[in-house]
file final_19.cif (mmCIF, C-alpha atoms)
data_entry
#
loop_
_atom_site.label_atom_id
_atom_site.label_comp_id
_atom_site.auth_asym_id
_atom_site.auth_seq_id
_atom_site.Cartn_x
_atom_site.Cartn_y
_atom_site.Cartn_z
CA MET V 1 -35.35 -54.48 36.44
CA SER V 2 -36.19 -56.18 33.16
CA PRO V 3 -33.55 -58.48 31.60
CA PRO V 4 -31.52 -57.02 28.65
CA THR V 5 -32.83 -57.64 25.20
CA PRO V 6 -30.87 -59.90 22.78
CA ARG V 7 -29.74 -56.86 20.77
CA LEU V 8 -28.38 -55.15 23.89
CA ARG V 9 -26.54 -58.32 24.96
CA ARG V 10 -24.83 -58.56 21.57
CA ALA V 11 -23.75 -54.91 21.78
CA LEU V 12 -22.27 -55.46 25.26
CA LEU V 13 -20.33 -58.53 24.07
CA VAL V 14 -18.85 -56.63 21.12
CA LEU V 15 -17.82 -53.71 23.35
CA THR V 16 -16.16 -56.07 25.83
CA ALA V 17 -14.19 -57.80 23.06
CA VAL V 18 -12.95 -54.47 21.68
CA LEU V 19 -11.76 -53.31 25.11
CA ALA V 20 -9.94 -56.60 25.72
CA ALA V 21 -8.13 -56.36 22.38
CA GLN V 22 -6.94 -52.82 23.12
CA LEU V 23 -5.61 -53.86 26.52
CA CYS V 24 -3.66 -56.70 24.95
CA VAL V 25 -2.06 -54.35 22.41
CA LEU V 26 -1.11 -51.66 24.92
CA THR V 27 0.23 -54.04 27.62
CA PRO V 28 3.00 -56.32 26.27
CA LEU V 29 3.74 -59.59 27.99
CA PRO V 30 6.55 -59.42 30.56
CA ALA V 31 8.57 -62.10 28.82
CA ALA V 32 8.26 -60.42 25.42
CA ALA V 33 9.21 -57.03 26.86
CA ALA V 34 12.26 -58.47 28.60
CA ARG V 35 13.32 -60.30 25.46
CA ALA V 36 12.95 -57.08 23.39
CA ALA V 37 14.99 -55.09 25.92
CA ALA V 38 17.73 -57.70 25.90
CA ASP V 39 17.88 -57.96 22.11
CA ALA V 40 17.79 -54.20 21.32
CA PRO V 41 21.38 -53.28 22.29
CA ALA V 42 22.85 -56.21 20.40
CA ASP V 43 20.87 -55.44 17.24
CA THR V 44 21.79 -51.74 17.39
CA ALA V 45 25.47 -52.45 17.85
CA ARG V 46 25.47 -54.92 14.99
CA ALA V 47 23.75 -52.40 12.69
CA ASP V 48 26.25 -49.71 13.61
CA THR V 49 29.15 -52.07 12.87
CA ASP V 50 27.66 -53.06 9.55
CA THR V 51 27.13 -49.40 8.63
CA ALA V 52 30.72 -48.50 9.48
CA ALA V 53 32.11 -51.49 7.59
CA ASP V 54 29.83 -51.41 4.56
CA GLY V 55 29.34 -47.65 4.14
CA PRO V 56 29.38 -45.83 0.80
CA ALA V 57 33.16 -46.05 0.52
CA GLY V 58 34.14 -48.31 3.41
CA TRP V 59 37.24 -46.17 3.99
CA THR V 60 38.27 -42.69 5.08
CA ALA V 61 41.13 -40.25 4.48
CA ARG V 62 41.94 -37.44 6.92
CA PRO V 63 44.90 -35.62 8.46
CA ALA V 64 46.86 -37.95 10.72
CA GLY V 65 46.77 -37.27 14.44
CA PRO V 66 45.62 -38.62 17.79
CA GLY V 67 42.16 -37.04 17.53
CA ALA V 68 39.15 -38.89 16.18
CA GLY V 69 35.62 -37.84 15.30
CA ARG V 70 35.04 -34.24 16.31
CA ASP V 71 38.57 -33.95 17.70
CA ALA V 72 40.18 -34.82 14.37
CA ARG V 73 41.85 -32.06 12.36
CA PRO V 74 39.45 -30.76 9.69
CA TYR V 75 42.28 -30.00 7.24
CA LEU V 76 46.05 -30.02 6.82
CA TYR V 77 47.50 -26.75 8.11
CA LEU V 78 51.14 -25.79 7.45
CA GLU V 79 53.16 -22.62 8.02
CA GLY V 80 56.47 -21.69 6.42
CA THR V 81 58.44 -19.21 4.37
CA PRO V 82 59.20 -19.18 0.63
CA GLY V 83 61.54 -22.04 -0.28
CA GLN V 84 60.87 -24.03 2.91
CA ALA V 85 59.79 -27.73 2.90
CA LEU V 86 56.95 -28.54 5.30
CA GLN V 87 56.00 -32.08 6.36
CA ASP V 88 52.80 -33.75 7.49
CA ARG V 89 51.01 -37.13 7.28
CA LEU V 90 47.75 -38.37 5.78
CA ALA V 91 45.86 -41.24 7.46
CA VAL V 92 43.92 -43.70 5.29
CA THR V 93 41.62 -46.09 7.21
CA ASN V 94 40.18 -49.21 5.55
CA SER V 95 37.16 -50.37 7.53
CA GLY V 96 36.15 -52.94 4.91
CA ARG V 97 36.76 -56.69 4.75
CA ALA V 98 39.13 -56.62 1.78
CA PRO V 99 42.44 -54.85 1.05
CA LEU V 100 42.12 -51.33 -0.37
CA THR V 101 44.41 -49.54 -2.83
CA VAL V 102 44.21 -45.75 -2.89
CA ARG V 103 45.95 -43.33 -5.25
CA LEU V 104 47.02 -39.91 -3.95
CA ARG V 105 47.48 -36.57 -5.71
CA GLY V 106 47.36 -32.84 -4.98
CA ASP V 107 44.87 -30.38 -6.41
CA GLY V 108 44.71 -26.59 -6.38
CA ARG V 109 47.44 -24.04 -5.80
CA ALA V 110 48.83 -25.51 -2.57
CA GLY V 111 48.08 -29.05 -3.72
CA ALA V 112 50.52 -28.65 -6.58
CA TRP V 113 53.31 -28.11 -4.03
CA ILE V 114 52.76 -31.49 -2.31
CA GLY V 115 54.80 -34.61 -2.85
CA PHE V 116 53.90 -38.00 -1.32
CA ALA V 117 56.14 -40.79 -0.10
CA ALA V 118 54.15 -43.02 -2.47
CA ASP V 119 51.57 -42.07 -5.09
CA SER V 120 49.49 -45.13 -4.15
CA VAL V 121 49.10 -47.11 -0.94
CA THR V 122 47.49 -50.50 -0.24
CA VAL V 123 45.80 -50.78 3.13
CA PRO V 124 44.83 -54.19 4.52
CA ALA V 125 41.30 -54.85 5.78
CA ARG V 126 40.37 -53.09 9.03
CA THR V 127 43.70 -51.27 9.12
CA ARG V 128 44.88 -47.67 9.09
CA ALA V 129 47.96 -46.51 7.18
CA GLU V 130 49.71 -43.15 7.47
CA VAL V 131 51.34 -41.72 4.35
CA PRO V 132 54.07 -39.07 4.78
CA LEU V 133 53.85 -35.99 2.58
CA ALA V 134 56.03 -32.93 2.03
CA LEU V 135 54.88 -29.49 0.89
CA THR V 136 57.59 -27.26 -0.57
CA VAL V 137 56.74 -23.56 -0.70
CA PRO V 138 58.01 -22.03 -3.98
CA PRO V 139 60.84 -19.50 -3.52
CA ASP V 140 58.79 -16.84 -5.34
CA ALA V 141 55.58 -17.47 -3.40
CA VAL V 142 53.78 -14.32 -2.28
CA PRO V 143 53.38 -14.00 1.48
CA GLY V 144 49.88 -14.75 2.66
CA ASP V 145 47.54 -17.74 2.52
CA ALA V 146 47.35 -20.49 -0.05
CA SER V 147 44.87 -23.34 -0.29
CA GLY V 148 44.50 -26.65 -2.08
CA GLU V 149 43.42 -30.25 -1.57
CA VAL V 150 44.79 -33.76 -1.20
CA VAL V 151 42.73 -36.17 -3.30
CA ALA V 152 42.56 -39.87 -2.36
CA ALA V 153 40.75 -42.11 -4.87
CA ASP V 154 40.10 -45.86 -4.97
CA GLY V 155 38.94 -45.90 -8.61
CA ASP V 156 35.22 -45.54 -7.89
CA GLU V 157 35.09 -42.82 -5.25
CA GLU V 158 37.39 -40.11 -3.98
CA ILE V 159 37.87 -38.17 -0.76
CA ARG V 160 39.21 -34.60 -0.73
CA VAL V 161 41.15 -33.32 2.27
CA PRO V 162 41.56 -29.50 2.42
CA VAL V 163 45.06 -28.01 2.70
CA ARG V 164 45.80 -24.55 4.16
CA VAL V 165 49.24 -22.96 3.98
CA ARG V 166 50.31 -19.74 5.69
CA ILE V 167 53.34 -18.23 3.95
CA GLY V 168 55.39 -15.94 6.13
CA GLY V 169 55.93 -12.30 5.21
CA PRO V 170 53.82 -9.15 4.91
CA THR V 171 50.20 -9.83 4.03
CA LEU V 172 47.82 -7.71 2.01
CA ALA V 173 44.05 -7.99 2.40
CA ALA V 174 42.09 -6.56 -0.52
CA LEU V 175 38.54 -7.27 -1.63
CA THR V 176 36.38 -5.77 -4.38
CA VAL V 177 32.71 -6.11 -5.34
CA GLU V 178 32.14 -5.89 -9.09
CA ASP V 179 29.60 -6.35 -11.91
CA VAL V 180 26.50 -5.45 -9.92
CA GLU V 181 23.32 -6.07 -11.92
CA ILE V 182 19.60 -5.94 -11.12
CA SER V 183 17.25 -8.32 -12.90
CA GLY V 184 13.69 -8.46 -11.64
CA GLY V 185 13.79 -9.84 -8.11
CA THR V 186 17.49 -10.77 -8.18
CA ILE V 187 20.66 -8.76 -7.55
CA ARG V 188 23.80 -10.25 -9.11
CA TYR V 189 27.36 -9.35 -8.16
CA ALA V 190 30.92 -10.73 -8.04
CA LEU V 191 33.49 -10.75 -5.22
CA VAL V 192 37.21 -10.78 -6.04
CA ASN V 193 40.04 -11.32 -3.55
CA ARG V 194 42.86 -9.11 -4.84
CA GLY V 195 45.18 -9.63 -1.87
CA ASN V 196 47.28 -12.52 -0.59
CA ALA V 197 45.22 -13.51 2.47
CA VAL V 198 42.15 -15.72 2.76
CA LEU V 199 39.11 -13.53 3.44
CA GLU V 200 35.71 -14.15 5.02
CA PRO V 201 33.57 -11.38 3.50
CA ARG V 202 30.49 -9.71 4.95
CA LEU V 203 27.74 -8.04 2.88
CA ALA V 204 25.26 -5.19 3.40
CA VAL V 205 22.57 -4.24 0.84
CA ARG V 206 20.57 -1.04 0.42
CA ALA V 207 18.15 0.14 -2.27
CA GLU V 208 16.77 3.65 -2.80
CA GLY V 209 13.74 4.54 -4.94
CA MET V 210 12.09 7.76 -6.05
CA PHE V 211 10.06 7.92 -2.84
CA GLY V 212 12.61 6.70 -0.31
CA ARG V 213 14.43 3.58 0.88
CA LEU V 214 13.13 0.26 -0.41
CA LEU V 215 15.66 -2.21 1.00
CA ASP V 216 17.99 -2.12 4.01
CA ARG V 217 19.75 -5.37 4.92
CA PRO V 218 22.38 -4.99 7.64
CA GLU V 219 25.86 -6.42 7.29
CA ARG V 220 26.02 -10.20 7.62
CA PRO V 221 28.71 -12.86 7.01
CA LEU V 222 28.63 -14.76 3.75
CA PRO V 223 29.05 -18.56 3.82
CA LEU V 224 32.34 -18.70 1.95
CA GLU V 225 36.12 -18.37 2.27
CA LEU V 226 37.65 -16.35 -0.52
CA ALA V 227 41.17 -17.52 -1.36
CA PRO V 228 43.73 -15.09 -2.82
CA GLY V 229 43.02 -14.34 -6.46
CA ARG V 230 39.65 -16.09 -6.39
CA ARG V 231 36.51 -14.63 -7.99
CA VAL V 232 33.03 -15.73 -6.91
CA GLU V 233 29.73 -14.74 -8.57
CA ARG V 234 26.75 -14.59 -6.22
CA THR V 235 23.11 -13.52 -6.18
CA GLU V 236 21.02 -11.68 -3.61
CA PRO V 237 17.26 -12.35 -3.72
CA TRP V 238 14.84 -9.41 -3.68
CA PRO V 239 11.37 -10.97 -3.69
CA ASP V 240 9.53 -7.72 -2.87
CA ALA V 241 11.10 -5.61 -5.62
CA PRO V 242 8.88 -2.68 -6.72
CA ALA V 243 6.57 -2.92 -9.72
CA LEU V 244 6.97 0.71 -10.83
CA ASP V 245 10.00 2.71 -9.69
CA ALA V 246 13.53 3.84 -10.55
CA VAL V 247 15.91 2.29 -8.00
CA THR V 248 19.59 2.39 -7.11
CA VAL V 249 21.06 -0.62 -5.29
CA ARG V 250 24.28 -0.27 -3.26
CA LEU V 251 26.38 -3.21 -2.05
CA ARG V 252 29.02 -2.87 0.67
CA VAL V 253 31.47 -5.68 1.46
CA THR V 254 33.91 -5.86 4.36
CA ALA V 255 36.40 -8.36 5.76
CA PRO V 256 38.73 -8.57 8.77
CA GLY V 257 41.77 -6.34 8.49
CA GLY V 258 39.94 -3.17 7.49
CA VAL V 259 38.92 -4.43 4.05
CA ARG V 260 36.01 -2.49 2.53
CA ASP V 261 34.53 -1.83 -0.90
CA GLU V 262 31.24 -0.58 -2.39
CA ALA V 263 29.49 -0.76 -5.74
CA GLU V 264 26.07 0.19 -7.07
CA ALA V 265 23.73 -0.31 -10.00
CA SER V 266 20.47 1.28 -11.19
CA ALA V 267 17.34 -0.13 -12.77
CA THR V 268 13.86 1.01 -13.78
CA TYR V 269 10.85 -1.15 -13.00
CA VAL V 270 7.86 -0.73 -15.36
CA PRO V 271 4.78 -3.02 -15.27
CA VAL V 272 4.26 -5.03 -18.42
CA ALA V 273 0.63 -3.94 -18.76
CA ALA V 274 1.56 -0.26 -18.52
CA ALA V 275 4.31 -0.69 -21.09
CA VAL V 276 1.95 -2.42 -23.52
CA GLY V 277 -0.73 0.25 -22.96
CA GLY V 278 1.77 3.04 -23.55
CA GLY V 279 2.93 1.38 -26.74
CA LEU V 280 -0.63 1.11 -28.00
CA LEU V 281 -1.24 4.79 -27.21
CA VAL V 282 1.87 5.78 -29.16
CA LEU V 283 0.82 3.65 -32.12
CA GLY V 284 -2.67 5.16 -31.98
CA GLY V 285 -1.26 8.69 -31.96
CA LEU V 286 0.96 7.93 -34.93
CA ALA V 287 -2.01 6.49 -36.79
CA LEU V 288 -4.07 9.65 -36.12
CA LEU V 289 -1.24 11.88 -37.30
CA GLY V 290 -0.81 9.82 -40.44
CA SER V 291 -4.51 9.84 -41.27
CA GLY V 292 -4.70 13.64 -40.72
CA ALA V 293 -1.77 14.23 -43.04
CA PHE V 294 -3.36 11.96 -45.65
CA ARG V 295 -6.66 13.88 -45.48
CA ARG V 296 -4.87 17.22 -45.83
CA ARG V 297 -2.99 15.91 -48.85
CA ARG V 298 -6.23 14.80 -50.48
CA ALA V 299 -7.84 18.15 -49.67
CA ARG V 300 -5.01 19.96 -51.42
CA ARG V 301 -5.42 17.74 -54.47
CA GLY V 302 -9.16 18.54 -54.55
CA ASP V 303 -8.70 22.38 -54.84
CA PRO V 304 -10.56 24.05 -57.81
CA GLU V 305 -8.55 24.04 -61.06
CA PRO V 306 -8.01 27.14 -63.22
CA PRO V 307 -10.76 27.89 -65.75
CA GLY V 308 -10.61 25.76 -68.88
CA ALA V 309 -8.55 23.00 -67.25
CA GLU V 310 -9.84 19.46 -67.10
CA THR V 311 -8.93 17.36 -64.04
CA GLY V 312 -9.69 13.90 -65.31
CA GLY V 313 -12.65 11.81 -66.09
CA ALA V 314 -14.15 11.03 -69.49
CA GLU V 315 -14.07 13.74 -72.12
CA PRO V 316 -17.41 14.94 -73.47
CA PRO V 317 -18.27 13.87 -76.99
CA GLY V 318 -16.55 15.97 -79.60
CA ALA V 319 -14.01 17.48 -77.23
CA GLU V 320 -10.37 17.63 -78.30
CA THR V 321 -7.28 18.81 -76.53
CA GLY V 322 -3.86 19.66 -77.84
CA ARG V 323 -2.66 21.65 -80.84
CA ALA V 324 -5.49 22.72 -83.22
CA GLU V 325 -4.66 23.61 -86.83
CA PRO V 326 -7.13 24.26 -89.64
CA PRO V 327 -7.18 21.66 -92.40
CA GLY V 328 -4.63 22.32 -95.10
CA ALA V 329 -2.74 24.93 -93.11
CA ASP V 330 1.04 24.87 -93.38
CA SER V 331 3.25 26.51 -90.80
CA ALA V 332 5.67 27.52 -93.56
CA ASP V 333 3.08 29.66 -95.44
CA ASP V 334 3.49 32.67 -93.20
CA GLY V 335 6.86 31.68 -91.72
CA GLN V 336 5.46 31.40 -88.15
CA PRO V 337 4.66 28.07 -86.46
CA THR V 338 1.36 27.80 -84.71
CA THR V 339 1.95 27.42 -80.96
CA GLU V 340 -1.46 28.15 -79.42
CA THR V 341 -2.91 25.20 -77.52
CA ARG V 342 -6.39 25.33 -76.08
CA PRO V 343 -9.37 23.07 -75.83
CA LEU V 344 -11.79 23.47 -78.68
CA VAL V 345 -15.29 22.25 -79.10
CA LYS V 346 -16.30 21.27 -82.59
CA THR V 347 -19.48 23.12 -83.52
CA GLY V 348 -18.96 23.15 -87.24
CA PRO V 349 -16.30 23.18 -89.93
CA LEU V 350 -13.11 25.02 -89.13
CA VAL V 351 -12.34 28.08 -91.31
CA LYS V 352 -8.87 29.63 -91.56
CA SER V 353 -8.92 33.39 -91.56
CA GLY V 354 -6.47 35.60 -93.35
CA ALA V 355 -4.97 35.77 -96.79
CA GLY V 356 -6.13 33.20 -99.27
CA SER V 357 -9.42 32.58 -97.50
#

call {"tool": "encode", "arguments": {"input": "final_19.cif", "output": "structure tokens"}}
result
Amino acid sequence: MSPPTPRLRRALLVLTAVLAAQLCVLTPLPAAAARAAADAPADTARADTDTAADGPAGWTARPAGPGAGRDARPYLYLEGTPGQALQDRLAVTNSGRAPLTVRLRGDGRAGAWIGFAADSVTVPARTRAEVPLALTVPPDAVPGDASGEVVAADGDEEIRVPVRVRIGGPTLAALTVEDVEISGGTIRYALVNRGNAVLEPRLAVRAEGMFGRLLDRPERPLPLELAPGRRVERTEPWPDAPALDAVTVRLRVTAPGGVRDEAEASATYVPVAAAVGGGLLVLGGLALLGSGAFRRRRARRGDPEPPGAETGGAEPPGAETGRAEPPGADSADDGQPTTETRPLVKTGPLVKSGAGS
């Protein structure tokens, strides 16, 4: 076997170096791997601590209670009758490194019924404080559900804690769908809670055209809670709306408790090109009618005139029109005025006939 050429030896050396480099990258040294494994948990824990301490606000506000994280109460929930005072507590946690002062207030219908033990609270660093609050249901409150919020603000940021109140007594669930409109590929409508209970509405949509059903969306829950007296305007997309059709869209809303209502709206879809073409055809037809009427009017004006009548143009030399009287004639000579008017052509001197000629 002949020895390898210099070019082949260089190629083999380069290939060997590349393979060695890849093995070094893919196989870390045992000491480095052990050191990385030992340092990873400490670095992760330190990052998590820093994130909790130096987050966007560095503090939290939530309903007080033994639960934490997923087990914490998502909102303040109270039940009572008109005129009754209900009590609860709000927990403010300062995870920062400096004292925190937070101001408290209520917002919304139920929020206006809340009074706090203190309108502001100062929480030391890495400490949690619980603030008592009392919600007094008005004596004339309508039985049903009421909602609001507790707002905690540190001057730069604020946290809103939902409040739900169930007022004892007979409840009325009523829901209406109103102001349905169709605009291109969008269906607009409004939902109004006309009862005294919080509702979670569901919606079904159907559309009928001249040749059958165009849209049939089964009933599905909407992502909202409709408080008593609240009105919400929403849209329903219809990306495959027809280009040419007359449609009727029907919306049906329902909610627990036997609540149900329906509304509909109609629209006509006409392509823009067809509309422009139809407009041009109409304008063309009007133009033809106008030109025909103009030609007929000119034809009538061009009818032959009675004999002896002139219809314009330059008069021939010597022609005269109007009243013709012989020279020297006086209408008082014979007591009768001359009234004959006719075109005359001068062919010679005029001679008056009759007495005295």

call {"tool": "closest_residue", "arguments": {"input": "final_19.cif", "among": "V:Leu78, V:Arg97, V:Arg252, V:Val232", "to": "Pro218 (chain V)", "atoms": "all atoms listed in the file"}}
result
V:Arg252

call {"tool": "closest_residue", "arguments": {"input": "final_19.cif", "among": "V:Ala91, V:Leu175, V:Ala85, V:Leu288", "to": "Ala72 (chain V)", "atoms": "all atoms listed in the file"}}
result
V:Ala91

call {"tool": "atom_distance", "arguments": {"input": "final_19.cif", "atom1": "CA of Gly184 (chain V)", "atom2": "CA of Leu222 (chain V)"}}
result
22.4 Å

call {"tool": "atom_distance", "arguments": {"input": "final_19.cif", "atom1": "CA of Gly257 (chain V)", "atom2": "CA of Pro228 (chain V)"}}
result
14.4 Å

call {"tool": "atom_distance", "arguments": {"input": "final_19.cif", "atom1": "CA of Val198 (chain V)", "atom2": "CA of Gly80 (chain V)"}}
result
15.9 Å

call {"tool": "resolve_selection", "arguments": {"input": "final_19.cif", "expression": "the PyMOL selection byres ((chain V and resi 270) around 6)", "output": "list in words"}}
result
Leu244, Tyr269 and Pro271 of chain V

call {"tool": "residues_near_point", "arguments": {"input": "final_19.cif", "point": "(38.3, -57.4, 4.8)", "cutoff": "12 Å", "atoms": "all atoms listed in the file", "output": "ChimeraX atom specification"}}
result
/V:53-54,58-59,94-100,123-127

call {"tool": "write_last_selection", "arguments": {"input": "final_19.cif", "atoms": "C-alpha atoms", "output": "PDB file, in the coordinates of the input"}}
result
ATOM      1  CA  ALA V  53      32.110 -51.490   7.590  1.00  0.00           C
ATOM      2  CA  ASP V  54      29.830 -51.410   4.560  1.00  0.00           C
ATOM      3  CA  GLY V  58      34.140 -48.310   3.410  1.00  0.00           C
ATOM      4  CA  TRP V  59      37.240 -46.170   3.990  1.00  0.00           C
ATOM      5  CA  ASN V  94      40.180 -49.210   5.550  1.00  0.00           C
ATOM      6  CA  SER V  95      37.160 -50.370   7.530  1.00  0.00           C
ATOM      7  CA  GLY V  96      36.150 -52.940   4.910  1.00  0.00           C
ATOM      8  CA  ARG V  97      36.760 -56.690   4.750  1.00  0.00           C
ATOM      9  CA  ALA V  98      39.130 -56.620   1.780  1.00  0.00           C
ATOM     10  CA  PRO V  99      42.440 -54.850   1.050  1.00  0.00           C
ATOM     11  CA  LEU V 100      42.120 -51.330  -0.370  1.00  0.00           C
ATOM     12  CA  VAL V 123      45.800 -50.780   3.130  1.00  0.00           C
ATOM     13  CA  PRO V 124      44.830 -54.190   4.520  1.00  0.00           C
ATOM     14  CA  ALA V 125      41.300 -54.850   5.780  1.00  0.00           C
ATOM     15  CA  ARG V 126      40.370 -53.090   9.030  1.00  0.00           C
ATOM     16  CA  THR V 127      43.700 -51.270   9.120  1.00  0.00           C
TER      17      THR V 127
END

call {"tool": "resolve_selection", "arguments": {"input": "final_19.cif", "expression": "the PyMOL selection byres ((chain V and resi 226) around 10)", "output": "ChimeraX atom specification"}}
result
/V:175,191-194,197-201,223-225,227-232

call {"tool": "residues_around", "arguments": {"input": "final_19.cif", "residues": "region 260-267 of chain V", "least_positions_apart": "5", "cutoff": "9 Å", "atoms": "all atoms listed in the file", "output": "PyMOL selection string"}}
result
chain V and resi 174-183+245-255

call {"tool": "build_atoms", "arguments": {"input": "final_19.cif", "residues": "region 122-141 of chain V", "atoms": "N, CA and C atoms", "output": "PDB file, in the frame of the given file"}}
result
ATOM      1  N   THR V 122      48.422 -49.394  -0.451  1.00  0.00           N
ATOM      2  CA  THR V 122      47.490 -50.500  -0.240  1.00  0.00           C
ATOM      3  C   THR V 122      47.333 -50.728   1.253  1.00  0.00           C
ATOM      4  N   VAL V 123      46.103 -50.674   1.710  1.00  0.00           N
ATOM      5  CA  VAL V 123      45.800 -50.780   3.130  1.00  0.00           C
ATOM      6  C   VAL V 123      45.054 -52.091   3.367  1.00  0.00           C
ATOM      7  N   PRO V 124      45.550 -52.940   4.240  1.00  0.00           N
ATOM      8  CA  PRO V 124      44.830 -54.190   4.520  1.00  0.00           C
ATOM      9  C   PRO V 124      43.463 -53.922   5.144  1.00  0.00           C
ATOM     10  N   ALA V 125      42.643 -54.973   5.213  1.00  0.00           N
ATOM     11  CA  ALA V 125      41.300 -54.850   5.780  1.00  0.00           C
ATOM     12  C   ALA V 125      41.384 -54.458   7.251  1.00  0.00           C
ATOM     13  N   ARG V 126      40.479 -53.564   7.655  1.00  0.00           N
ATOM     14  CA  ARG V 126      40.370 -53.090   9.030  1.00  0.00           C
ATOM     15  C   ARG V 126      41.709 -52.598   9.577  1.00  0.00           C
ATOM     16  N   THR V 127      42.379 -51.790   8.751  1.00  0.00           N
ATOM     17  CA  THR V 127      43.700 -51.270   9.120  1.00  0.00           C
ATOM     18  C   THR V 127      43.790 -49.815   8.712  1.00  0.00           C
ATOM     19  N   ARG V 128      44.615 -49.063   9.432  1.00  0.00           N
ATOM     20  CA  ARG V 128      44.880 -47.670   9.090  1.00  0.00           C
ATOM     21  C   ARG V 128      46.342 -47.525   8.713  1.00  0.00           C
ATOM     22  N   ALA V 129      46.596 -46.789   7.644  1.00  0.00           N
ATOM     23  CA  ALA V 129      47.960 -46.510   7.180  1.00  0.00           C
ATOM     24  C   ALA V 129      48.169 -45.014   7.127  1.00  0.00           C
ATOM     25  N   GLU V 130      49.353 -44.566   7.519  1.00  0.00           N
ATOM     26  CA  GLU V 130      49.710 -43.150   7.470  1.00  0.00           C
ATOM     27  C   GLU V 130      50.757 -42.934   6.389  1.00  0.00           C
ATOM     28  N   VAL V 131      50.464 -41.995   5.486  1.00  0.00           N
ATOM     29  CA  VAL V 131      51.340 -41.720   4.350  1.00  0.00           C
ATOM     30  C   VAL V 131      52.023 -40.384   4.576  1.00  0.00           C
ATOM     31  N   PRO V 132      53.370 -40.353   4.633  1.00  0.00           N
ATOM     32  CA  PRO V 132      54.070 -39.070   4.780  1.00  0.00           C
ATOM     33  C   PRO V 132      53.933 -38.224   3.513  1.00  0.00           C
ATOM     34  N   LEU V 133      53.892 -36.922   3.705  1.00  0.00           N
ATOM     35  CA  LEU V 133      53.850 -35.990   2.580  1.00  0.00           C
ATOM     36  C   LEU V 133      54.710 -34.782   2.917  1.00  0.00           C
ATOM     37  N   ALA V 134      55.197 -34.124   1.871  1.00  0.00           N
ATOM     38  CA  ALA V 134      56.030 -32.930   2.030  1.00  0.00           C
ATOM     39  C   ALA V 134      55.499 -31.838   1.110  1.00  0.00           C
ATOM     40  N   LEU V 135      55.329 -30.649   1.658  1.00  0.00           N
ATOM     41  CA  LEU V 135      54.880 -29.490   0.890  1.00  0.00           C
ATOM     42  C   LEU V 135      56.025 -28.487   0.833  1.00  0.00           C
ATOM     43  N   THR V 136      56.485 -28.188  -0.373  1.00  0.00           N
ATOM     44  CA  THR V 136      57.590 -27.260  -0.570  1.00  0.00           C
ATOM     45  C   THR V 136      57.037 -25.926  -1.083  1.00  0.00           C
ATOM     46  N   VAL V 137      57.213 -24.878  -0.299  1.00  0.00           N
ATOM     47  CA  VAL V 137      56.740 -23.560  -0.700  1.00  0.00           C
ATOM     48  C   VAL V 137      57.667 -23.009  -1.780  1.00  0.00           C
ATOM     49  N   PRO V 138      57.140 -22.574  -2.932  1.00  0.00           N
ATOM     50  CA  PRO V 138      58.010 -22.030  -3.980  1.00  0.00           C
ATOM     51  C   PRO V 138      58.800 -20.828  -3.482  1.00  0.00           C
ATOM     52  N   PRO V 139      60.041 -20.648  -3.953  1.00  0.00           N
ATOM     53  CA  PRO V 139      60.840 -19.500  -3.520  1.00  0.00           C
ATOM     54  C   PRO V 139      60.210 -18.152  -3.863  1.00  0.00           C
ATOM     55  N   ASP V 140      59.410 -18.111  -4.943  1.00  0.00           N
ATOM     56  CA  ASP V 140      58.790 -16.840  -5.340  1.00  0.00           C
ATOM     57  C   ASP V 140      57.348 -16.718  -4.866  1.00  0.00           C
ATOM     58  N   ALA V 141      56.963 -17.536  -3.894  1.00  0.00           N
ATOM     59  CA  ALA V 141      55.580 -17.470  -3.400  1.00  0.00           C
ATOM     60  C   ALA V 141      55.332 -16.146  -2.693  1.00  0.00           C
TER      61      ALA V 141
END
